[in-house]
file run_8.txt (compact mmCIF, C-alpha atoms)
# COMPACT_ATOMS: atom_id res chain seq x y z
CA MET A 1 84.19 -97.48 -31.36
CA SER A 2 81.17 -96.65 -33.49
CA ASP A 3 80.77 -93.29 -35.18
CA ALA A 4 77.00 -93.40 -34.64
CA VAL A 5 75.35 -90.53 -32.83
CA HIS A 6 72.12 -91.63 -31.18
CA ASN A 7 69.32 -89.15 -30.66
CA ARG A 8 65.87 -88.54 -29.24
CA ILE A 9 64.69 -86.02 -31.82
CA ALA A 10 61.61 -88.04 -32.85
CA LEU A 11 60.62 -88.60 -29.21
CA LEU A 12 60.98 -84.90 -28.39
CA ARG A 13 59.04 -83.91 -31.50
CA ALA A 14 56.22 -86.31 -30.56
CA GLU A 15 56.11 -85.04 -26.98
CA GLN A 16 55.84 -81.43 -28.15
CA GLY A 17 53.63 -82.03 -31.20
CA VAL A 18 56.20 -80.70 -33.66
CA THR A 19 56.34 -82.00 -37.24
CA ARG A 20 59.57 -82.62 -39.12
CA ARG A 21 58.71 -79.70 -41.39
CA ASP A 22 58.09 -77.37 -38.45
CA LEU A 23 61.39 -78.29 -36.82
CA ALA A 24 63.24 -77.98 -40.12
CA THR A 25 61.77 -74.53 -40.75
CA VAL A 26 62.84 -73.27 -37.34
CA LEU A 27 66.33 -74.75 -37.77
CA GLY A 28 66.73 -73.51 -41.36
CA VAL A 29 67.31 -76.99 -42.81
CA HIS A 30 65.41 -79.20 -45.25
CA TYR A 31 62.77 -81.39 -43.61
CA GLN A 32 64.53 -84.49 -44.99
CA THR A 33 67.59 -83.50 -42.97
CA VAL A 34 65.53 -83.91 -39.80
CA GLY A 35 64.53 -87.40 -40.98
CA TYR A 36 68.14 -88.34 -41.74
CA LEU A 37 69.17 -87.18 -38.27
CA GLU A 38 66.34 -89.06 -36.56
CA ARG A 39 67.23 -92.29 -38.33
CA GLY A 40 70.93 -91.87 -37.57
CA GLU A 41 71.80 -91.66 -41.26
CA ASN A 42 73.56 -88.32 -40.65
CA SER A 43 75.18 -86.77 -37.61
CA PRO A 44 74.51 -83.10 -36.87
CA SER A 45 77.15 -80.42 -36.79
CA LEU A 46 77.83 -79.05 -33.33
CA ASP A 47 75.97 -75.89 -34.27
CA LEU A 48 72.90 -77.82 -35.42
CA ALA A 49 72.96 -80.10 -32.36
CA LEU A 50 73.03 -77.09 -30.05
CA ARG A 51 70.19 -75.39 -31.96
CA ILE A 52 68.06 -78.55 -31.75
CA ALA A 53 68.65 -78.81 -28.00
CA ALA A 54 67.84 -75.10 -27.58
CA PHE A 55 64.63 -75.50 -29.57
CA PHE A 56 63.45 -78.27 -27.23
CA ASP A 57 64.84 -76.38 -24.20
CA VAL A 58 66.89 -79.33 -22.99
CA PRO A 59 70.63 -79.97 -22.58
CA VAL A 60 72.32 -81.30 -25.71
CA GLU A 61 73.06 -84.53 -23.80
CA ALA A 62 69.31 -85.11 -23.47
CA VAL A 63 69.02 -85.16 -27.28
CA PHE A 64 72.29 -86.73 -28.45
CA SER A 65 74.53 -89.52 -27.17
CA LEU A 66 77.39 -91.68 -28.39
CA THR A 67 75.71 -94.70 -26.75
CA PRO A 68 72.13 -95.82 -27.38
CA PHE A 69 69.47 -94.34 -25.12
CA PRO A 70 67.50 -96.86 -23.05
CA ARG A 71 64.09 -97.65 -24.46
CA VAL A 72 61.21 -95.97 -22.66
CA SER A 73 59.64 -99.38 -22.01
CA ASP A 74 62.86 -100.46 -20.26
CA GLN A 75 62.48 -97.56 -17.84
CA THR A 76 58.86 -98.19 -16.87
CA GLY A 77 59.48 -101.52 -15.17
CA ARG A 78 57.00 -103.23 -17.49
CA PRO A 79 57.97 -106.10 -19.76
CA ALA A 80 58.91 -104.99 -23.28
call {"tool": "encode", "arguments": {"input": "run_8.txt", "output": "structure tokens"}}
result
Amino acid sequence: MSDAVHNRIALLRAEQGVTRRDLATVLGVHYQTVGYLERGENSPSLDLALRIAAFFDVPVEAVFSLTPFPRVSDQTGRPA
């Protein structure tokens, strides 16, 4: 079993027009931390994961998963 935690932080940021710096400021972390999380180089603490989900007003499961999220193009029915 992999220890990787997959996430949709970048997708949610893009949808809501939020920069890494803006998100980091709200969360009280360094903006590079947001980048590390997005790239899967670090996994968030439970506290941070819950705060990220709360910021985007979605369930934590909509942001983080132990299995990869399907690509958006895979869900549209169009060829990748």
call {"tool": "atom_distance", "arguments": {"input": "run_8.txt", "atom1": "atom CA of A:Asn7", "atom2": "atom CA of A:Ser43"}}
result
9.4 Å
call {"tool": "atom_distance", "arguments": {"input": "run_8.txt", "atom1": "atom CA of A:Thr67", "atom2": "atom CA of A:Val5"}}
result
7.4 Å
call {"tool": "atom_distance", "arguments": {"input": "run_8.txt", "atom1": "atom CA of A:Ala14", "atom2": "atom CA of A:Phe56"}}
result
11.3 Å
call {"tool": "residues_around", "arguments": {"input": "run_8.txt", "residues": "A:Arg8", "least_positions_apart": "3", "cutoff": "12 Å", "atoms": "all atoms listed in the file", "output": "VMD selection string"}}
result
chain A and resid 5 11 to 15 34 to 35 37 to 40 49 52 to 53 56 58 to 72
call {"tool": "closest_residue", "arguments": {"input": "run_8.txt", "among": "A:Ala4, A:Arg51, A:Ile9, A:Asp57", "to": "A:Val26", "atoms": "only C-alpha atoms"}}
result
A:Arg51
call {"tool": "closest_residue", "arguments": {"input": "run_8.txt", "among": "A:Gly28, A:His6, A:Gly17, A:Leu23", "to": "A:Phe55", "atoms": "all atoms listed in the file"}}
result
A:Leu23
call {"tool": "build_atoms", "arguments": {"input": "run_8.txt", "residues": "stretch 13-31 of chain A", "atoms": "N, CA, C and O atoms", "output": "compact mmCIF listing (two decimals), in the coordinates of the input"}}
result
# COMPACT_ATOMS: atom_id res chain seq x y z
N ARG A 13 60.03 -84.49 -30.59
CA ARG A 13 59.04 -83.91 -31.50
C ARG A 13 57.64 -84.41 -31.14
O ARG A 13 56.69 -83.63 -31.09
N ALA A 14 57.52 -85.72 -30.90
CA ALA A 14 56.22 -86.31 -30.56
C ALA A 14 55.67 -85.72 -29.27
O ALA A 14 54.48 -85.39 -29.17
N GLU A 15 56.54 -85.59 -28.27
CA GLU A 15 56.11 -85.04 -26.98
C GLU A 15 55.59 -83.61 -27.12
O GLU A 15 54.67 -83.22 -26.42
N GLN A 16 56.20 -82.85 -28.02
CA GLN A 16 55.84 -81.43 -28.15
C GLN A 16 54.94 -81.16 -29.35
O GLN A 16 54.60 -80.00 -29.61
N GLY A 17 54.54 -82.20 -30.07
CA GLY A 17 53.63 -82.03 -31.20
C GLY A 17 54.22 -81.22 -32.34
O GLY A 17 53.52 -80.43 -32.97
N VAL A 18 55.49 -81.44 -32.61
CA VAL A 18 56.20 -80.70 -33.66
C VAL A 18 56.43 -81.63 -34.85
O VAL A 18 56.91 -82.75 -34.67
N THR A 19 56.10 -81.19 -36.05
CA THR A 19 56.34 -82.00 -37.24
C THR A 19 57.79 -81.84 -37.69
O THR A 19 58.49 -80.90 -37.29
N ARG A 20 58.22 -82.75 -38.55
CA ARG A 20 59.57 -82.62 -39.12
C ARG A 20 59.70 -81.30 -39.87
O ARG A 20 60.72 -80.63 -39.79
N ARG A 21 58.67 -80.95 -40.62
CA ARG A 21 58.71 -79.70 -41.39
C ARG A 21 58.82 -78.49 -40.47
O ARG A 21 59.58 -77.57 -40.75
N ASP A 22 58.04 -78.50 -39.40
CA ASP A 22 58.09 -77.37 -38.45
C ASP A 22 59.49 -77.22 -37.85
O ASP A 22 60.03 -76.12 -37.79
N LEU A 23 60.06 -78.33 -37.42
CA LEU A 23 61.39 -78.29 -36.82
C LEU A 23 62.41 -77.83 -37.86
O LEU A 23 63.25 -76.97 -37.58
N ALA A 24 62.31 -78.36 -39.06
CA ALA A 24 63.24 -77.98 -40.12
C ALA A 24 63.16 -76.49 -40.42
O ALA A 24 64.19 -75.83 -40.59
N THR A 25 61.96 -75.96 -40.47
CA THR A 25 61.77 -74.53 -40.75
C THR A 25 62.45 -73.67 -39.69
O THR A 25 63.17 -72.73 -40.00
N VAL A 26 62.23 -74.02 -38.44
CA VAL A 26 62.84 -73.27 -37.34
C VAL A 26 64.37 -73.35 -37.40
O VAL A 26 65.06 -72.36 -37.14
N LEU A 27 64.88 -74.53 -37.75
CA LEU A 27 66.33 -74.75 -37.77
C LEU A 27 66.99 -74.23 -39.05
O LEU A 27 68.21 -74.12 -39.11
N GLY A 28 66.17 -73.97 -40.09
CA GLY A 28 66.73 -73.51 -41.36
C GLY A 28 67.36 -74.62 -42.17
O GLY A 28 68.33 -74.39 -42.89
N VAL A 29 66.81 -75.85 -42.03
CA VAL A 29 67.31 -76.99 -42.81
C VAL A 29 66.13 -77.61 -43.57
O VAL A 29 64.97 -77.31 -43.30
N HIS A 30 66.44 -78.49 -44.51
CA HIS A 30 65.41 -79.20 -45.25
C HIS A 30 64.75 -80.22 -44.33
O HIS A 30 65.44 -80.83 -43.49
N TYR A 31 63.46 -80.45 -44.50
CA TYR A 31 62.77 -81.39 -43.61
C TYR A 31 63.36 -82.79 -43.70
O TYR A 31 63.34 -83.55 -42.73
